[in-house]
Amino acid sequence: MEPLDQDLDESELELPAEPMQLKMGPAHPAMHGTVRMMLEVSGETIVKCDVQVGYLHRAFEKMCERGTWGQVFPYVDRLNYVSPMLNNNAFAMAVEKMLGIKPTERCEYYRVVLGELARICDHLTCNGAMAMELGAFTPFLWFIKARDMVWDIFEEETGARLTHSFGRIGGMAKPPTKRFKEHVRAAVAGVLALVKEGEALLLSNRIFIDRLDGVGVMTPELASAYGWTGPCLRSTGVAYDVRKAHPYSVYDRFDFDVPVGTTGDNYDRFMVRLEELRQSARIVAQALEQMPDDGPVMVEDARVTLPPKDEVYKTIEGTIQHFKIVMEGVKVPAGECYSYTEAGNGELGFYLVSDGSGTPYRVRIRPPCFIITSALHHLIEGGMIADIVPTFGSMNMIGGECDH
Amino acid sequence: MVKFIAEYQVLIFALVKILIMLGFFLNLAPVLVFVERRQAALIQDRVGPNRAVVKVPGFLLKGALATPALLAGVAVAALCFKFFPANPPETGVGRGFWMAELATLVLWSHALVLAGYVRVSGDAANPLEAALRDMRDPRWIFYTGGFLHLALGVLYGASSPANEAEVSKAFALGGPAALAGVLLLVAAYLGYRIPSGTVELRAAGLLHSIADALKFAFKEDFVPPKADKLLHSLGPLISLFPALVTYAIIPFGDALCFGTTNGALDVTKLAETASTVGACAEGQQAVSLQIADLNIGVLYLFAMGGTGIIGAALAGWSSDNKWSLLGGLRAASQMVSYEVAMGLSLVGAFMVYGTPRLGEMVRWQAENTWGIFVQPLAFFLFFAAAIAEQKRTPFDAPEGESEIIAGYFVEYSSFKFAMFYTGEYIELVTSSALLVTIFLGGWTMPFLHRDAVHVAFGDTVLLHSQMSHLVATLLGVGIFFGKVLSMSFFQIFLRWTLPRFRYDQIMAFGWKFMLPAVIANIVLTGLLVLGASSAGPSVASGLRLAADATGFIVIGASAFLAVKFARLLLSPVERARFTSSGVAARVGRVGRTPETPMQA
């Protein structure tokens with residue numbers, strides 16, 4: 001046996017101390033049930049962090065390859081399940097790009113209004129949940145109450161509060177209800193009033209500011225290098241918004257601002273989301289002004305549009321058209337395309353490959369969360385355990401989207 | 001029997017007092033749990049958890065509810081007919097006035113309860129109930145009641161010398177008659193309205209917390225395989241212990257004075273009126289409404305409160321879980337740090353009151369002014385430190401459910417968890433009681449003296465009404481428990497609204513802000529006390545006037561808060577109805593969410 005005190009100087013004679021290994025998640029309440037962090041902590045300070053995703057993996061991309069193009073909509077609902085309408089729009093736009101068809105004017109506005117409402121839901125949920133995880137429950141309830149008002153609109157329009165499956169290739173499943181504009185105006189006004197109340201509770205609270213300010217800082221260089229998009233990127237000061245940079249749909253017709261942060265910390269992310277929510281309300285107001293009151297919301301294209309039921313039952317052409325679209329799917333020309341939109345968390349891209357049949361050959365998604373989460377450890381390392389909560393909360397990591 | 005009571009009366013008194021306090025604290029814990037859950041249910045337009053039901057035969061409920069009202073009504077009627085003619089007008093007026101006010105209170109509060117019931121259940125048995133159900137804003141009942149109270153006061157106070165005799169006669173006759181009538185009416189209505197079959201008693205959901213507590217007792221008591229069995233069991237015990245023993249020194253009412261027989265206290269000889277100087281008059285013996293009137297007073301509290309740390313630290317360490325270890329460390333360091341600030345924050349109060357005994361502190365406040373006016377900084381510092389000691393939001397880093405899951409009690413289940421849980425809520429009540437005793441006047445209210453309601457500013461007397469010793473003392477007990485209840489509710493509101501500090505921020509706040517602040521408070525108080533005691537009589541009379549002014553401030557502020565709170569509680573539930581179909585619209589039409597068998 002070798003002598004124990006060999007080669008030991010004074011300082012090493014202290015008690016051996018090594019970082020504690022801590023497995024945070026996936027069942028940890030702050031991890032939203034879908035992520036695991038392997039932490040090495042020294043006291044309360046995090047020395048090393050390894051973020052492991054994949055606990056909500058459902059083979060989304062593989063599932064898409066077994067049905068028709070139209071059958072993908074229910075799956076995309078479950079990507080970012082906080083703002084499903086934006087995913088619906090994004091996927092519909094991608095397929096339309098391959099088909100080379102352009103939705104009707106009314107449909108474009110309808111999509112914009114519903115999409116921006118979904119963005120409001122997304123930001124409300126993220127900011128509210130972050131406040132709740134920090135212990136402030138009342139603001140969360142107010143934000144969720146506001147979200148419920150938006151969900152009432154969605155229920156009215158689509159019949160579902162959460163997973164709408166309302167998008168269609170070439171348009172929307174149903175035209176807007178008769179009192180659509182009136183309802184949306186009332187709801188948005190109510191939402192903004194509630195947000196103002198909840199915001200006042202949080203932003204005038206020194207404890208809340210102290211928890212966010214200067215915590216989880218991201219530099220614009222590193223964020224761009226990782227490929228961050230959305231509110232998280234904008235919080236670092238990079239004013240990249242797909243709606244402004246590469247206007248799609250009818251976004252070039254609206255007057256709205258892109259809020260940016262200065263330091264890229266949690267506080268900036270919180271504030272950027274709050275401001276974006278207000279900008280979305282502006283867009284909704286303008287879109288409602290410009291939206292035509294009548295006209296179809298589906299393109300008049302026999303290749304993609306289901307015929308009216310009357311024709312299906314009474315004419316042979318209608319029956320065949322219906323049968324072909326339902327059983328074989330919309331025939332998308334062979335080729336590939338990448339279509340990208342601004343979703344709740346950033347750039348949501350769909351890379352589609354078609355072999356000319358009614359079934360997708362490949363559906364590849366670019367989820368904004370996945371890229372944001374990949375840089376998460378930079379924000380966490382060096383901080384304290386308690387800092388993980390607001391930092392992870394302000395990322396708005398949505399398992400359904402991240403684990404594609 | 002009498003001999004037995006006389007022999008052991010100290011013991012019996014102590015037991016009765018312990019039972020009163022224990023009953024209050026143990027009942028308040030479920031009420032507070034319910035309040036917390038109610039907050040969570042706010043968004044869903046329901047009253048919170050109320051699935052626990054006791055099925056009671058209707059006649060039993062009728063008997064339990066209507067009989068007291070009936071008996072009280074009969075008693076008031078009998079008293080009024082027996083004593084009225086012989087009653088001298090001076091005391092008769094006062095009593096008649098208070099009885100009229102009481103009758104008004106009973107009337108409108110019962111109307112509110114009835115309105116609440118028919119508005120929720122929707123079934124009105126008669127046109128009156130239908131009117132209550134269909135009225136747009138039930139707060140009008142409350143406003144009308146308040147108006148009636150004021151009107152009675154004005155009528156009583158504004159009687160001119162010319163018609164004073166008639167007014168006093170009317171009150172002396174009308175007051176008891178009205179009270180008796182209202183009580184009999186309530187009894188009759190209860191008898192008429194409570195159905196004869198089986199009644200599902202839910203007590204507004206309060207039974208649910210009791211059912212939960214029962215459930216805890218029957219759950220599996222899981223102990224982690226590698227945990228230290230002994231320490232793991234000891235943790236909750238040590239945690240609950242200080243919470244339960246600290247209330248021993250809290251006075252919940254003024255001393256009761258009894259006459260003596262052969263130099264020994266005689267329970268049958270309760271004093272008619274209380275003396276205004278000292279605790280009791282010559283030849284009487286006092287029974288203080290405090291379990292133990294220790295001469296070290298509040299120091300006992302710090303000694304006992306300090307042991308709670310050990311419970312949390314033991315629980316965290318013995319659970320064999322890294323999260324609970326972190327929680328235990330956080331709890332230990334936080335509680336030790338804030339103990340310092342908490343103790344020092346009361347030094348200023350000791351200097352002003354000149355005693356560490358809680359009962360005497362309250363007496364000082366009754367004679368002068370509430371502690372919050374002489375020690376405002378200490379009030380907030382002590383409040384913050386007390387919340388930190390209880391480990392509640394914003395200082396709940398030791399359990400921080402989103403950070404370290406549940407901290408030191410993450411590995412506890414069954415009744416051991418319930419002990420932590422109950423301990424936390426009882427500590428909340430204890431700290432509220434302490435705040436009330438030291439800073440908010442304990443059992444006293446401004447203008448409510450030991451012998452009379454006496455409203456005065458300087459030498460101008462605005463209202464004076466004699467009271468018997470027993471009534472004054474019971475009123476004091478009610479006021480104390482009411483204050484504690486309001487303070488506890490306030491703490492719960494705080495908990496739901498504030499986010500929590502980070503661990504290092506808690507430490508920095510404790511050592512870098514709280515400690516200098518409490519020391520500054522001590523120095524400042526010392527200088528002021530010295531200055532006030534050496535200043536001349538003009539300063540003293542000025543301070544006297546200022547103290548009277550604070551009385552009006554307190555009364556005004558409490559009335560304002562009470563009205564605000566009642567308005568909030570009674571605001572009609574109405575959801576925004578901007579959609580024409582869907583759940584919101586259905587709710588808007590029906591007025592509530594559709595009931596399903598699963599609804600809790």
# chains A, B, ... in the order shown; residues from 1 in each chain; ligands from 1
>>> interface_residues(of="chain A", to="chain B", cutoff="6 Å", atoms="only C-alpha atoms", output="list of chain:residue names")
A:Pro29, A:Ala30, A:Glu133, A:Leu134, A:Gly135, A:Ala136, A:Phe137, A:Thr138, A:Glu156, A:His183, A:Phe208, A:Ala386
>>> write_last_selection(atoms="C-alpha atoms", output="compact mmCIF listing (two decimals), in the first residue's frame")
# COMPACT_ATOMS: atom_id res chain seq x y z
CA PRO A 29 -41.53 20.70 -12.56
CA ALA A 30 -39.47 23.42 -14.22
CA GLU A 133 -42.49 29.41 -11.94
CA LEU A 134 -40.92 32.30 -10.11
CA GLY A 135 -43.74 32.03 -7.59
CA ALA A 136 -46.05 34.82 -8.76
CA PHE A 137 -49.28 32.97 -9.37
CA THR A 138 -51.74 35.83 -9.71
CA GLU A 156 -66.05 30.00 -32.14
CA HIS A 183 -65.61 39.16 -31.56
CA PHE A 208 -39.26 40.01 -10.20
CA ALA A 386 -32.61 29.06 -9.16
>>> closest_residue(among="A:Val51, A:Met63, A:Arg253, A:Tyr361", to="Gln286 (chain A)", atoms="only C-alpha atoms")
A:Arg253
>>> residues_around(residues="Lys219 (chain B)", least_positions_apart="5", cutoff="9 Å", atoms="only C-alpha atoms", output="number ranges by chain")
B: 413-415
>>> residues_around(residues="Glu276 (chain A)", least_positions_apart="5", cutoff="9 Å", atoms="only C-alpha atoms", output="list of chain:residue names")
A:Arg119, A:Ile120, A:His123, A:Pro231, A:Asp257, A:Val258, A:Pro259, A:Met271, A:Ala281
>>> residues_around(residues="Phe140 (chain A)", least_positions_apart="6", cutoff="9 Å", atoms="only C-alpha atoms", output="ChimeraX atom specification")
/A:124-125,127-132,198
>>> write_last_selection(atoms="C-alpha atoms", output="PDB file, in the first residue's frame")
ATOM      1  CA  LEU A 124     -49.074  35.162 -22.902  1.00  0.00           C
ATOM      2  CA  THR A 125     -48.439  31.558 -21.953  1.00  0.00           C
ATOM      3  CA  ASN A 127     -44.574  35.094 -19.891  1.00  0.00           C
ATOM      4  CA  GLY A 128     -47.294  33.939 -17.538  1.00  0.00           C
ATOM      5  CA  ALA A 129     -45.713  30.549 -16.948  1.00  0.00           C
ATOM      6  CA  MET A 130     -42.364  32.162 -16.307  1.00  0.00           C
ATOM      7  CA  ALA A 131     -43.888  34.413 -13.664  1.00  0.00           C
ATOM      8  CA  MET A 132     -45.661  31.436 -12.133  1.00  0.00           C
ATOM      9  CA  GLY A 198     -50.677  41.556 -14.989  1.00  0.00           C
TER      10      GLY A 198
END
>>> atom_distance(atom1="CA of Ala388 (chain B)", atom2="CA of Ala243 (chain B)")
14.5 Å
>>> residues_around(residues="region 146-155 of chain B", least_positions_apart="2", cutoff="10 Å", atoms="only C-alpha atoms", output="list in words")
Phe97, Trp98, Ala100, Glu101, Leu102, Ala103, Thr104, Leu105, Trp108, Trp140, Ile141, Phe142, Tyr143, Thr144, Gly157, Ala158, Ser159, Ser160, Val167, Phe171 and Val563 of chain B
>>> closest_residue(among="B:Ser558, B:Thr525, B:Ser288, B:Gln390", to="Tyr353 (chain B)", atoms="only C-alpha atoms")
B:Thr525
>>> select_by_dssp(residues="region 98-171 of chain A", states="helix (DSSP H, G or I)", output="NGL selection string")
:A and (98-99 or 105-133 or 137-158)
>>> residues_around(residues="Gly344 (chain A)", least_positions_apart="4", cutoff="12 Å", atoms="only C-alpha atoms", output="ChimeraX atom specification")
/A:79-87,90,115-126,229-232,241-243,273,276-277,280,348,367-369,395-398,401
>>> select_by_dssp(residues="region 122-249 of chain B", states="strand (DSSP E)", output="MDAnalysis selection string")
chainID B and resid 198:201
>>> write_last_selection(atoms="N, CA, C and O atoms", output="PDB file, in the first residue's frame")
ATOM      1  N   THR B 198     -82.597  14.370   3.516  1.00  0.00           N
ATOM      2  CA  THR B 198     -81.164  14.429   3.797  1.00  0.00           C
ATOM      3  C   THR B 198     -80.562  15.659   3.117  1.00  0.00           C
ATOM      4  O   THR B 198     -80.852  15.937   1.961  1.00  0.00           O
ATOM      5  N   VAL B 199     -79.741  16.365   3.861  1.00  0.00           N
ATOM      6  CA  VAL B 199     -79.104  17.561   3.313  1.00  0.00           C
ATOM      7  C   VAL B 199     -77.628  17.278   3.129  1.00  0.00           C
ATOM      8  O   VAL B 199     -76.984  16.703   4.001  1.00  0.00           O
ATOM      9  N   GLU B 200     -77.101  17.683   1.957  1.00  0.00           N
ATOM     10  CA  GLU B 200     -75.665  17.522   1.732  1.00  0.00           C
ATOM     11  C   GLU B 200     -74.968  18.764   2.260  1.00  0.00           C
ATOM     12  O   GLU B 200     -75.069  19.838   1.684  1.00  0.00           O
ATOM     13  N   LEU B 201     -74.252  18.577   3.340  1.00  0.00           N
ATOM     14  CA  LEU B 201     -73.599  19.721   3.977  1.00  0.00           C
ATOM     15  C   LEU B 201     -72.168  19.836   3.440  1.00  0.00           C
ATOM     16  O   LEU B 201     -71.373  18.913   3.578  1.00  0.00           O
TER      17      LEU B 201
END
>>> closest_residue(among="A:Ile371, A:Leu274, A:Val150, A:Val353", to="Val195 (chain A)", atoms="only C-alpha atoms")
A:Leu274
